[in-house]
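Next comes input16.txt, with compact mmCIF, C-alpha atoms.
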# COMPACT_ATOMS: atom_id res chain seq x y z
CA MET A 963 84.61 85.52 84.67
CA LYS A 964 84.60 83.74 88.01
CA LEU A 965 87.01 85.35 90.47
CA ARG A 966 87.79 82.35 92.65
CA HIS A 967 90.74 80.94 90.72
CA ALA A 968 92.28 84.31 89.91
CA LEU A 969 92.15 85.41 93.55
CA LEU A 970 93.43 82.14 94.96
CA ALA A 971 96.34 81.94 92.52
CA ALA A 972 97.35 85.51 93.23
CA THR A 973 97.23 84.78 96.95
CA LEU A 974 99.63 81.86 96.74
CA VAL A 975 102.26 83.37 94.46
CA ALA A 976 102.15 87.15 94.63
CA SER A 977 100.83 88.64 97.84
CA PRO A 978 100.41 87.94 101.56
CA LEU A 979 96.84 89.26 101.33
CA VAL A 980 93.95 86.90 100.78
CA LEU A 981 92.35 89.22 98.26
CA ALA A 982 94.29 90.09 95.13
CA LEU A 983 93.21 92.09 92.12
CA PRO A 984 91.71 89.84 89.43
CA ALA A 985 93.24 89.78 85.97
CA GLN A 986 92.31 92.79 83.83
CA ALA A 987 91.70 90.45 80.90
CA ALA A 988 88.58 89.22 82.66
CA GLY A 989 86.82 92.52 82.01
CA SER A 990 86.13 94.55 78.89
CA ASP A 991 85.70 98.25 78.10
CA THR A 992 81.99 98.58 78.72
CA GLY A 993 81.97 102.33 79.25
CA THR A 994 81.35 101.98 82.97
CA GLY A 995 83.76 102.65 85.78
CA LEU A 996 84.20 102.51 89.55
CA ARG A 997 86.23 104.50 92.06
CA ILE A 998 86.76 104.12 95.82
CA ASP A 999 87.72 107.20 97.86
CA GLY A 1000 88.46 107.81 101.55
CA PHE A 1001 89.13 105.03 104.07
CA ALA A 1002 92.52 106.17 105.39
CA SER A 1003 92.68 103.63 108.23
CA VAL A 1004 90.62 101.38 110.47
CA GLU A 1005 91.36 100.56 114.11
CA ALA A 1006 90.52 97.07 115.34
CA GLY A 1007 87.66 97.35 117.80
CA GLY A 1008 87.33 101.08 117.11
CA GLY A 1009 84.95 103.25 115.12
CA TRP A 1010 83.88 103.42 111.50
CA SER A 1011 86.25 103.93 108.59
CA GLU A 1012 84.31 105.99 106.04
CA GLY A 1013 84.56 106.67 102.34
CA THR A 1014 82.64 106.55 99.07
CA VAL A 1015 82.15 104.31 96.05
CA THR A 1016 81.32 106.08 92.79
CA VAL A 1017 79.80 104.32 89.77
CA ARG A 1018 80.08 105.99 86.36
CA ASN A 1019 78.25 105.34 83.07
CA ASP A 1020 79.83 106.99 80.02
CA THR A 1021 77.68 105.22 77.42
CA ASP A 1022 74.56 106.32 75.53
CA ALA A 1023 72.50 103.54 77.13
CA ALA A 1024 71.18 103.17 80.64
CA VAL A 1025 72.76 100.63 82.99
CA THR A 1026 70.09 98.55 84.73
CA ASP A 1027 71.46 95.01 85.13
CA GLN A 1028 74.69 95.41 87.09
CA HIS A 1029 75.18 94.74 90.80
CA LEU A 1030 77.69 96.75 92.82
CA VAL A 1031 79.80 94.07 94.54
CA LEU A 1032 82.10 95.00 97.43
CA TYR A 1033 85.04 93.01 98.78
CA VAL A 1034 86.63 93.55 102.19
CA GLY A 1035 89.79 91.48 102.35
CA SER A 1036 92.49 90.66 104.88
CA ARG A 1037 94.01 87.40 106.05
CA MET A 1038 91.83 85.59 108.57
CA LEU A 1039 88.93 88.04 108.07
CA GLY A 1040 85.36 86.65 108.30
CA VAL A 1041 81.80 87.97 108.55
CA ASP A 1042 81.93 87.86 112.34
CA GLN A 1043 84.77 90.39 112.29
CA VAL A 1044 83.36 93.07 109.97
CA ALA A 1045 80.32 95.36 110.02
CA ALA A 1046 79.46 97.58 107.05
CA GLU A 1047 76.81 100.16 106.18
CA TYR A 1048 76.00 102.22 103.09
CA ALA A 1049 73.96 105.33 102.31
CA ASP A 1050 72.53 106.12 98.87
CA GLY A 1051 73.19 109.82 98.55
CA ALA A 1052 74.36 112.54 100.93
CA ALA A 1053 71.03 112.92 102.75
CA SER A 1054 70.23 109.20 103.05
CA THR A 1055 70.32 107.24 106.27
CA TRP A 1056 72.80 104.43 106.83
CA GLN A 1057 71.62 100.94 105.86
CA PRO A 1058 73.27 97.65 106.90
CA VAL A 1059 75.28 95.74 104.30
CA ARG A 1060 74.70 91.99 104.22
CA LEU A 1061 78.17 90.41 104.16
CA VAL A 1062 79.02 86.82 103.25
CA ASP A 1063 82.23 84.85 103.64
CA GLN A 1064 83.78 84.52 100.23
CA ASP A 1065 84.84 81.08 99.11
CA LEU A 1066 88.21 81.02 97.34
CA GLY A 1067 88.30 77.24 97.25
CA ALA A 1068 90.82 76.96 100.12
CA LYS A 1069 90.26 74.57 103.01
CA PRO A 1070 89.02 75.12 105.61
CA SER A 1071 86.52 77.53 104.14
CA GLY A 1072 85.67 80.84 105.76
CA HIS A 1073 87.78 83.72 107.02
CA GLN A 1074 89.22 84.48 103.59
CA GLY A 1075 87.70 87.94 103.35
CA VAL A 1076 84.06 88.98 103.01
CA ALA A 1077 81.91 90.21 100.14
CA ALA A 1078 78.53 91.85 99.59
CA ASP A 1079 76.04 92.91 96.97
CA LEU A 1080 76.10 96.46 98.32
CA THR A 1081 72.44 97.44 97.84
CA GLY A 1082 71.02 93.96 97.25
CA ALA A 1083 69.68 95.02 93.84
CA PRO A 1084 71.06 96.15 90.46
CA VAL A 1085 72.22 99.76 90.29
CA GLU A 1086 70.47 102.06 87.84
CA LEU A 1087 72.52 104.63 85.92
CA PRO A 1088 71.13 106.88 83.17
CA PRO A 1089 73.36 107.51 80.14
CA HIS A 1090 76.41 109.70 80.83
CA SER A 1091 75.87 109.85 84.58
CA ALA A 1092 77.58 108.99 87.85
CA HIS A 1093 76.27 107.96 91.24
CA THR A 1094 78.07 107.99 94.59
CA PHE A 1095 77.33 105.71 97.54
CA LYS A 1096 78.62 106.45 101.02
CA LEU A 1097 80.20 103.44 102.70
CA ARG A 1098 81.63 102.73 106.13
CA PHE A 1099 82.98 99.62 107.83
CA LYS A 1100 84.62 98.63 111.11
CA LEU A 1101 86.45 95.65 112.59
CA LEU A 1102 84.65 93.78 115.36
CA GLN A 1103 85.81 91.66 118.25
CA SER A 1104 85.23 87.97 117.58
CA ALA A 1105 86.34 84.56 118.75
CA HIS A 1106 88.75 84.22 115.82
CA MET A 1107 92.31 85.33 115.16
CA GLY A 1108 93.26 88.42 113.26
CA PRO A 1109 93.12 90.41 111.15
CA PHE A 1110 96.86 90.26 110.47
CA ASP A 1111 97.11 92.56 107.46
CA ASP A 1112 95.94 95.91 106.28
CA VAL A 1113 92.46 95.70 104.74
CA ASP A 1114 91.94 95.82 100.98
CA LEU A 1115 88.69 97.20 99.57
CA MET A 1116 87.63 96.28 96.04
CA ALA A 1117 84.46 96.98 94.08
CA PHE A 1118 83.06 95.40 90.91
CA LEU A 1119 80.07 95.72 88.63
CA ALA A 1120 78.70 92.31 87.76
CA PRO A 1121 75.41 90.90 86.44
CA THR A 1122 75.21 88.36 89.28
CA PHE A 1123 76.49 87.87 92.81
CA GLY A 1124 76.93 84.28 93.98
CA LYS A 1125 76.36 82.72 97.37
CA ASP A 1126 80.10 82.01 97.45
CA GLY A 1127 80.79 85.75 97.47
CA GLN A 1128 81.94 85.85 93.85
CA ALA A 1129 81.13 88.53 91.27
CA LYS A 1130 80.36 86.44 88.21
CA ASP A 1131 81.42 87.83 84.80
CA TRP A 1132 82.24 91.26 86.19
CA THR A 1133 82.31 94.13 83.70
CA ALA A 1134 84.08 96.88 85.67
CA GLN A 1135 86.35 97.12 88.68
CA ALA A 1136 87.70 99.81 90.94
CA PRO A 1137 91.44 100.03 91.68
CA VAL A 1138 92.17 98.30 94.96
CA LYS A 1139 92.00 100.60 97.98
CA GLY A 1140 94.38 99.72 100.80
CA VAL A 1141 93.17 100.64 104.30
CA ARG A 1142 95.75 100.66 107.07
CA THR A 1143 94.78 98.50 110.05
CA THR A 1144 95.84 99.91 113.42
CA GLY A 1145 95.45 99.01 117.07
CA LEU A 1146 98.26 96.47 117.60
CA THR A 1147 101.71 97.54 118.82
CA THR A 1148 104.59 95.16 119.50
CA ALA A 1149 107.88 96.35 121.01
CA ILE A 1150 111.20 94.96 122.21
CA ASP A 1151 112.34 96.95 125.25
CA GLY A 1152 115.48 97.03 127.34
CA LEU A 1153 117.67 94.99 124.99
CA PRO A 1154 121.04 96.74 124.51
CA ALA A 1155 122.06 97.44 120.93
CA ALA A 1156 125.44 95.90 121.74
CA ILE A 1157 125.06 92.64 123.67
CA PRO A 1158 128.15 91.37 125.50
CA ALA A 1159 129.11 87.88 124.30
CA ASP A 1160 130.05 86.97 127.84
CA GLY A 1161 128.04 83.80 128.45
CA LYS A 1162 125.73 85.65 130.86
CA PRO A 1163 121.97 86.23 130.50
CA HIS A 1164 120.87 89.75 129.56
CA PRO A 1165 117.20 90.47 130.36
CA PHE A 1166 114.71 92.38 128.22
CA THR A 1167 110.96 92.46 127.68
CA VAL A 1168 108.57 92.15 124.76
CA SER A 1169 105.23 93.96 124.98
CA VAL A 1170 102.14 93.29 122.88
CA ARG A 1171 99.53 96.00 123.36
CA THR A 1172 96.17 96.54 121.66
CA ALA A 1173 93.74 99.44 121.49
CA ASN A 1174 90.09 99.24 122.61
CA ARG A 1175 90.82 96.18 124.80
CA PHE A 1176 90.68 94.22 121.57
CA ASP A 1177 91.68 90.56 121.72
CA TRP A 1178 93.51 89.62 118.50
CA HIS A 1179 93.73 86.00 119.75
CA LEU A 1180 97.48 85.93 119.25
CA ASP A 1181 98.19 82.36 120.30
CA GLY A 1182 101.80 82.01 119.25
CA ALA A 1183 104.87 83.80 117.92
CA VAL A 1184 108.54 83.20 117.19
CA PHE A 1185 111.89 84.78 117.99
CA PHE A 1186 114.40 84.97 115.15
CA LEU A 1187 118.02 85.96 115.74
CA TRP A 1188 119.74 86.82 112.47
CA ALA A 1189 123.51 87.18 112.94
CA GLY A 1190 123.88 89.15 109.72
CA GLN A 1191 125.27 88.53 106.27
CA GLY A 1192 128.24 86.17 106.39
CA PHE A 1193 127.31 84.80 109.81
CA GLY A 1194 123.53 84.32 109.88
CA SER A 1195 121.43 81.28 109.11
CA MET A 1196 117.69 80.85 108.62
CA ASP A 1197 118.04 78.08 111.19
CA GLY A 1198 119.16 80.68 113.70
CA PRO A 1199 122.45 80.56 115.62
CA ALA A 1200 124.04 77.34 116.78
CA ALA A 1201 122.97 76.14 120.22
CA CYS A 1202 126.54 76.71 121.41
CA ASP A 1203 126.48 80.38 120.34
CA ALA A 1204 123.21 81.80 121.65
CA ARG A 1205 120.36 80.92 123.94
CA LEU A 1206 117.05 82.70 124.57
CA GLU A 1207 114.83 81.94 127.55
CA LEU A 1208 111.38 83.09 128.63
CA GLN A 1209 110.08 83.38 132.17
CA ASP A 1210 106.94 81.54 133.19
CA PRO A 1211 104.80 84.20 134.94
CA LYS A 1212 103.17 81.53 137.11
CA ASP A 1213 106.25 80.23 138.92
CA GLY A 1214 109.14 82.43 137.72
CA SER A 1215 110.99 79.55 136.04
CA TRP A 1216 112.92 80.07 132.79
CA HIS A 1217 112.42 78.02 129.62
CA HIS A 1218 114.51 77.78 126.46
CA VAL A 1219 112.90 78.68 123.08
CA GLY A 1220 114.21 78.47 119.54
CA LEU A 1221 115.81 81.35 117.63
CA GLY A 1222 115.48 80.16 114.03
CA ALA A 1223 113.00 80.86 111.25
CA ARG A 1224 113.21 77.30 109.98
CA GLY A 1225 112.43 74.01 111.66
CA LEU A 1226 110.52 75.58 114.56
CA ASP A 1227 108.40 72.56 115.47
CA GLY A 1228 108.23 72.41 119.24
CA GLN A 1229 109.98 75.74 119.73
CA GLY A 1230 107.21 78.28 119.27
CA VAL A 1231 106.34 80.90 121.88
CA ASP A 1232 102.99 80.25 123.57
CA LEU A 1233 101.76 83.78 124.32
CA ALA A 1234 99.06 82.54 126.67
CA ALA A 1235 101.69 80.74 128.76
CA TYR A 1236 104.47 83.34 128.77
CA GLY A 1237 102.62 86.65 128.41
CA ALA A 1238 101.74 88.30 131.72
CA GLY A 1239 98.81 90.70 131.89
CA PRO A 1240 95.43 91.17 130.21
CA VAL A 1241 94.78 90.62 126.51
CA ASP A 1242 95.39 94.28 125.66
CA ASP A 1243 98.71 94.54 127.52
CA ARG A 1244 100.78 91.38 127.42
CA VAL A 1245 104.42 91.49 128.55
CA ILE A 1246 106.96 88.70 128.15
CA ASN A 1247 110.08 88.58 130.32
CA ALA A 1248 113.01 87.26 128.30
CA ARG A 1249 116.77 86.96 128.52
CA ILE A 1250 119.41 86.25 125.91
CA THR A 1251 122.86 84.73 126.39
CA LEU A 1252 125.67 84.91 123.82
CA GLY A 1253 128.80 82.77 123.85
CA ALA A 1254 132.26 84.04 122.99
CA GLY A 1255 132.08 82.44 119.55
CA PHE A 1256 128.97 84.35 118.42
CA ARG A 1257 129.71 86.89 115.71
CA THR A 1258 127.49 89.46 114.00
CA SER A 1259 127.69 91.78 111.01
CA ALA A 1260 126.10 95.19 110.48
CA ASP A 1261 122.65 93.85 109.55
CA ALA A 1262 122.18 91.55 112.56
CA ARG A 1263 118.83 91.78 114.31
CA LEU A 1264 116.45 90.09 116.72
CA GLY A 1265 112.81 89.87 115.68
CA PHE A 1266 109.62 88.72 117.37
CA GLY A 1267 106.10 87.99 116.13
CA HIS A 1268 104.74 86.25 113.05
CA PHE A 1269 107.75 85.71 110.82
CA PRO A 1270 108.48 86.90 108.15
CA GLY A 1271 106.78 90.07 109.38
CA ALA A 1272 107.16 91.75 106.00
CA GLY A 1273 104.94 94.13 104.08
CA SER A 1274 101.67 94.78 105.87
CA THR A 1275 101.89 91.93 108.38
CA LEU A 1276 100.96 93.64 111.64
CA PHE A 1277 102.44 91.41 114.32
CA TRP A 1278 106.21 91.83 114.11
CA ALA A 1279 108.88 93.85 115.92
CA GLU A 1280 112.63 93.80 115.55
CA GLN A 1281 115.79 95.49 116.80
CA LYS A 1282 119.28 95.70 115.39
CA VAL A 1283 121.83 93.97 117.61
CA ALA A 1284 125.59 93.48 117.74
CA ALA A 1285 127.65 90.98 119.71
CA THR A 1286 130.47 92.54 121.72
CA PRO A 1287 133.40 90.14 122.36
CA VAL A 1288 134.41 89.69 126.00
CA ALA A 1289 137.82 88.27 126.86
CA GLY A 1290 137.71 85.06 128.85
CA ALA A 1291 134.01 84.39 128.20
CA PRO A 1292 132.91 80.77 127.77
CA ALA A 1293 132.82 79.63 124.16
CA CYS A 1294 129.49 77.86 124.60
CA VAL A 1295 126.31 79.02 126.35
CA ASP A 1296 125.22 75.37 126.53
CA PRO A 1297 127.98 72.98 127.62
CA ASN A 1298 126.06 70.07 126.09
CA ALA A 1299 125.80 71.67 122.65
CA PRO A 1300 128.35 70.86 119.93
CA ALA A 1301 130.51 73.79 118.92
CA PRO A 1302 129.81 75.15 115.42
CA LYS A 1303 132.41 75.10 112.67
CA PRO A 1304 134.08 78.51 112.90
CA THR A 1305 134.26 79.09 109.14
CA ALA A 1306 130.78 77.87 108.23
CA SER A 1307 128.29 80.38 106.87
CA THR A 1308 124.77 79.45 105.90
CA ALA A 1309 123.52 82.91 105.04
CA PRO A 1310 120.66 82.99 102.53
CA THR A 1311 121.92 83.40 98.97
CA ALA A 1312 118.74 84.65 97.30
CA ALA A 1313 119.31 88.20 98.52
CA PRO A 1314 123.04 89.06 98.09
CA THR A 1315 123.03 92.29 100.07
CA SER A 1316 120.19 91.87 102.53
CA PRO A 1317 118.98 88.95 104.68
CA ALA A 1318 115.47 87.61 104.52
CA PRO A 1319 114.17 89.39 107.61
CA ALA A 1320 115.38 92.83 106.49
CA ALA A 1321 111.93 93.78 105.22
CA PRO A 1322 110.34 93.81 108.71
CA SER A 1323 112.25 97.00 109.47
CA VAL A 1324 109.45 98.85 107.74
CA ALA A 1325 106.61 96.88 109.30
CA PRO A 1326 103.81 99.41 109.82
CA VAL A 1327 103.08 99.06 113.52
CA ALA A 1328 106.17 97.50 115.06
CA ALA A 1329 107.35 99.97 117.69
CA VAL A 1330 110.88 98.99 118.71
CA THR A 1331 112.90 100.70 121.41
CA ALA A 1332 116.69 100.30 121.11
CA GLN A 1333 118.90 101.26 124.04
CA PRO A 1334 122.10 103.13 123.10
CA SER A 1335 124.09 101.77 126.02
CA ALA A 1336 126.12 98.64 125.46
CA THR A 1337 125.50 97.45 129.00
CA ALA A 1338 121.99 98.64 129.80
CA SER A 1339 119.46 95.93 130.63
CA ALA A 1340 115.82 95.71 131.61
CA SER A 1341 114.53 94.43 134.90
CA PRO A 1342 112.07 91.59 134.34
CA ARG A 1343 108.46 92.60 134.86
CA ALA A 1344 106.73 91.07 137.85
CA ALA A 1345 105.20 87.72 137.01
CA THR A 1346 101.73 89.00 137.82
CA GLY A 1347 102.03 91.72 135.16
CA LEU A 1348 98.82 93.75 134.95
CA ALA A 1349 96.59 90.84 135.78
CA GLY A 1350 94.99 92.70 138.64
CA THR A 1351 94.08 95.82 136.68
CA THR A 1352 90.43 96.68 137.20
CA GLY A 1353 88.05 96.23 134.27
CA ARG A 1354 90.38 94.19 132.08
CA THR A 1355 89.76 90.70 130.79
CA GLU A 1356 92.29 87.94 131.27
CA LEU A 1357 93.33 85.74 128.37
CA ALA A 1358 93.05 82.18 129.57
CA ASP A 1359 96.01 79.82 129.21
CA THR A 1360 94.77 77.93 126.19
CA GLY A 1361 97.83 75.78 125.70
CA ALA A 1362 98.20 77.24 122.22
CA PRO A 1363 100.09 75.01 119.79
CA ASP A 1364 103.62 75.90 118.76
CA VAL A 1365 104.06 78.01 115.67
CA THR A 1366 105.51 76.32 112.61
CA VAL A 1367 107.22 78.59 110.08
CA PRO A 1368 108.14 77.43 106.57
CA THR A 1369 111.59 77.70 105.04
CA VAL A 1370 112.16 81.12 103.50
CA LEU A 1371 115.31 81.74 101.50
CA GLY A 1372 116.02 85.42 101.00
CA GLY A 1373 113.94 88.54 100.71
CA VAL A 1374 112.62 87.65 97.25
CA LEU A 1375 110.61 84.77 98.76
CA LEU A 1376 108.99 86.69 101.61
CA ALA A 1377 105.63 86.91 99.87
CA VAL A 1378 105.50 83.15 99.30
CA GLY A 1379 106.51 82.59 102.92
CA ALA A 1380 103.69 84.80 104.15
CA ALA A 1381 101.18 82.88 102.03
CA ALA A 1382 102.47 79.60 103.48
CA VAL A 1383 102.12 80.96 107.01
CA THR A 1384 98.53 81.89 106.18
CA VAL A 1385 97.74 78.34 105.03
CA ALA A 1386 99.39 76.86 108.14
CA ARG A 1387 97.42 79.11 110.51
CA ARG A 1388 94.15 78.35 108.77
CA ALA A 1389 94.83 74.65 109.07
CA ARG A 1390 95.17 75.03 112.84
CA ARG A 1391 91.69 76.52 113.04
CA SER A 1392 89.92 73.60 111.40

Write-out of the structure in structure tokens:
Amino acid sequence: MKLRHALLAATLVASPLVLALPAQAAGSDTGTGLRIDGFASVEAGGGWSEGTVTVRNDTDAAVTDQHLVLYVGSRMLGVDQVAAEYADGAASTWQPVRLVDQDLGAKPSGHQGVAADLTGAPVELPPHSAHTFKLRFKLLQSAHMGPFDDVDLMAFLAPTFGKDGQAKDWTAQAPVKGVRTTGLTTAIDGLPAAIPADGKPHPFTVSVRTANRFDWHLDGAVFFLWAGQGFGSMDGPAACDARLELQDPKDGSWHHVGLGARGLDGQGVDLAAYGAGPVDDRVINARITLGAGFRTSADARLGFGHFPGAGSTLFWAEQKVAATPVAGAPACVDPNAPAPKPTASTAPTAAPTSPAPAAPSVAPVAAVTAQPSATASASPRAATGLAGTTGRTELADTGAPDVTVPTVLGGVLLAVGAAAVTVARRARRS
């Protein structure tokens, strides 16, 4: 069976990862099996992640016509971002693996995960035998974005391996092996857990730090302020209720950005414009203002990164927040904005007890610092940031386009939303 359609369909409806496990019905019980072991994690720009792939033949006949096909999958991942090597036996030397971009039929092609015929030739297995190959891979710096998910490793036995990176008519498969991707940490700092709804700006910072001076090419992000069940909207708060501004590190001026997860055209956060410092230590100075009419419930939160930031999406941080009423505060933070209807509630209905962005609270690398004080605030970082640090590379102001995020209604649609974000980001790269 050809994997292209099974993988692409699974991507669009079931998982934020580009690679998904093909349907079991495509294979048959041939008496052969595969297993992947090891590979606990891989750090972007770091060293090798090592493990093994074991091929087993439980039949009375020798296996001589099957290729061992390997898949390395993560959103935005291409051959320029992965290196792999294998060794045939414990005493063997490491040999390079020739990787190809797999073609899942999506446009533009490329950066949909990579694949390889591990040894470049059919494996040979005597009857009732097993053979173990050592394997290692690492993530390389490239000119492209990502990766934005944990890496999935898959292995197949197939009679042929196509130029499009597909294992044709595969006969055995290994259970998918998830490998945690590390090296990117995003944090919201200095924002009080209880924000006075006093019509005054309260400063905080957002930091985006990477290991190994690795440039993830993070061009844009979004802020999403969820007021909580009963008050929140996927469009974010009304303009009268809340306002978030970012400081331009070049001249110190402040600029308004959107706070919704829907309809974000023209309101994305350009990290190259607002992030001060080198590519491995970007800091954004921000401030948030709440009007007297802004209300929150227990699950209110402020998030930053690539919404929806659920599952294994790596670029997302969030913090629980609460609005504290202040007597005599102005009702509107923007005198030109229409006041919202006080009884209106546009909370998502697909998830009755939890809002759509609740899942990011378990995002694997988001490191969020919440201040216990209701009045504590952060001093804005100097506009020059760490730009003068010796030996670090500056990320040029590329004028990155604004981020557009699709409508997502409730937690049950997060996976579909992530797939839509993937398609939108790929389209920008064409």

Using all atoms listed in the file, pick whichever of A:Phe1269, A:Phe1118, A:Trp1278, A:Phe1095 has the shortest atom-to-atom distance to Gly995 in chain A.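 Counting all atoms listed in the file, the residue closest to Gly995 in chain A is A:Phe1118.
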
For Ser1003 in chain A, which residue among A:Ala1234, A:Val1141, A:Ile1246, A:Met1116 is the nearest when counting only C-alpha atoms?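 Ranking A:Ala1234, A:Val1141, A:Ile1246, A:Met1116 by distance to Ser1003 in chain A, first place goes to A:Val1141.
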
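Closest approach to Val1184 in chain A among A:Ala1159, A:Ala1285, A:Val1219, A:Ile1150 is made by A:Val1219 (distances from only C-alpha atoms).
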
Option closest in space to Asp1111 in chain A, from A:Pro1084, A:Pro1137, A:Pro1287, A:Gly1035 [counting all atoms listed in the file]: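 Closest candidate: A:Gly1035.
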
Quick one: of A:Phe1099, A:Phe1193, A:Phe1277, A:Phe1256, who's nearest to Ala1045 in chain A, counting all atoms listed in the file?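 Closest to Ala1045 in chain A of all the choices is A:Phe1099.
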
Provide the CA of Leu1233 in chain A to CA of Asn1247 in chain A distance in Å, to one decimal place.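 Going from CA of Leu1233 in chain A over to CA of Asn1247 in chain A covers 11.3 Å.
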
Test item: which residues lie within 10 Å of (130.5, 92.4, 110.1) counting all atoms listed in the file, as JSON, numbers by chain: {"A": [1189, 1190, 1191, 1192, 1193, 1257, 1258, 1259, 1260, 1261, 1262, 1284]}

Taking the block just given, write range 1239-1268 of chain A to a file that holds C-alpha atoms, as a tab-separated table (two decimals), in the first residue's frame.
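File produced: selection24.tsv:
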chain	number	residue	atom	x	y	z
A	1239	GLY	CA	18.48	40.44	21.94
A	1240	PRO	CA	20.15	37.68	19.92
A	1241	VAL	CA	18.32	34.74	18.38
A	1242	ASP	CA	18.92	32.52	21.40
A	1243	ASP	CA	17.70	35.05	23.98
A	1244	ARG	CA	14.84	37.22	22.76
A	1245	VAL	CA	12.92	39.34	25.27
A	1246	ILE	CA	9.72	41.27	24.56
A	1247	ASN	CA	8.65	44.16	26.78
A	1248	ALA	CA	4.87	44.20	27.13
A	1249	ARG	CA	2.18	45.85	29.20
A	1250	ILE	CA	-1.47	45.02	29.74
A	1251	THR	CA	-4.31	47.34	30.74
A	1252	LEU	CA	-7.68	46.18	32.06
A	1253	GLY	CA	-10.80	48.33	32.30
A	1254	ALA	CA	-13.23	48.25	35.20
A	1255	GLY	CA	-15.70	46.18	33.17
A	1256	PHE	CA	-13.31	43.27	32.55
A	1257	ARG	CA	-14.31	40.13	34.42
A	1258	THR	CA	-12.62	36.74	34.72
A	1259	SER	CA	-13.47	33.30	36.05
A	1260	ALA	CA	-11.21	30.67	37.61
A	1261	ASP	CA	-9.82	29.35	34.31
A	1262	ALA	CA	-8.75	32.72	32.85
A	1263	ARG	CA	-5.27	32.83	31.36
A	1264	LEU	CA	-2.91	34.75	29.09
A	1265	GLY	CA	-0.99	32.73	26.52
A	1266	PHE	CA	1.77	33.53	24.04
A	1267	GLY	CA	3.29	31.64	21.11
A	1268	HIS	CA	1.82	29.53	18.34
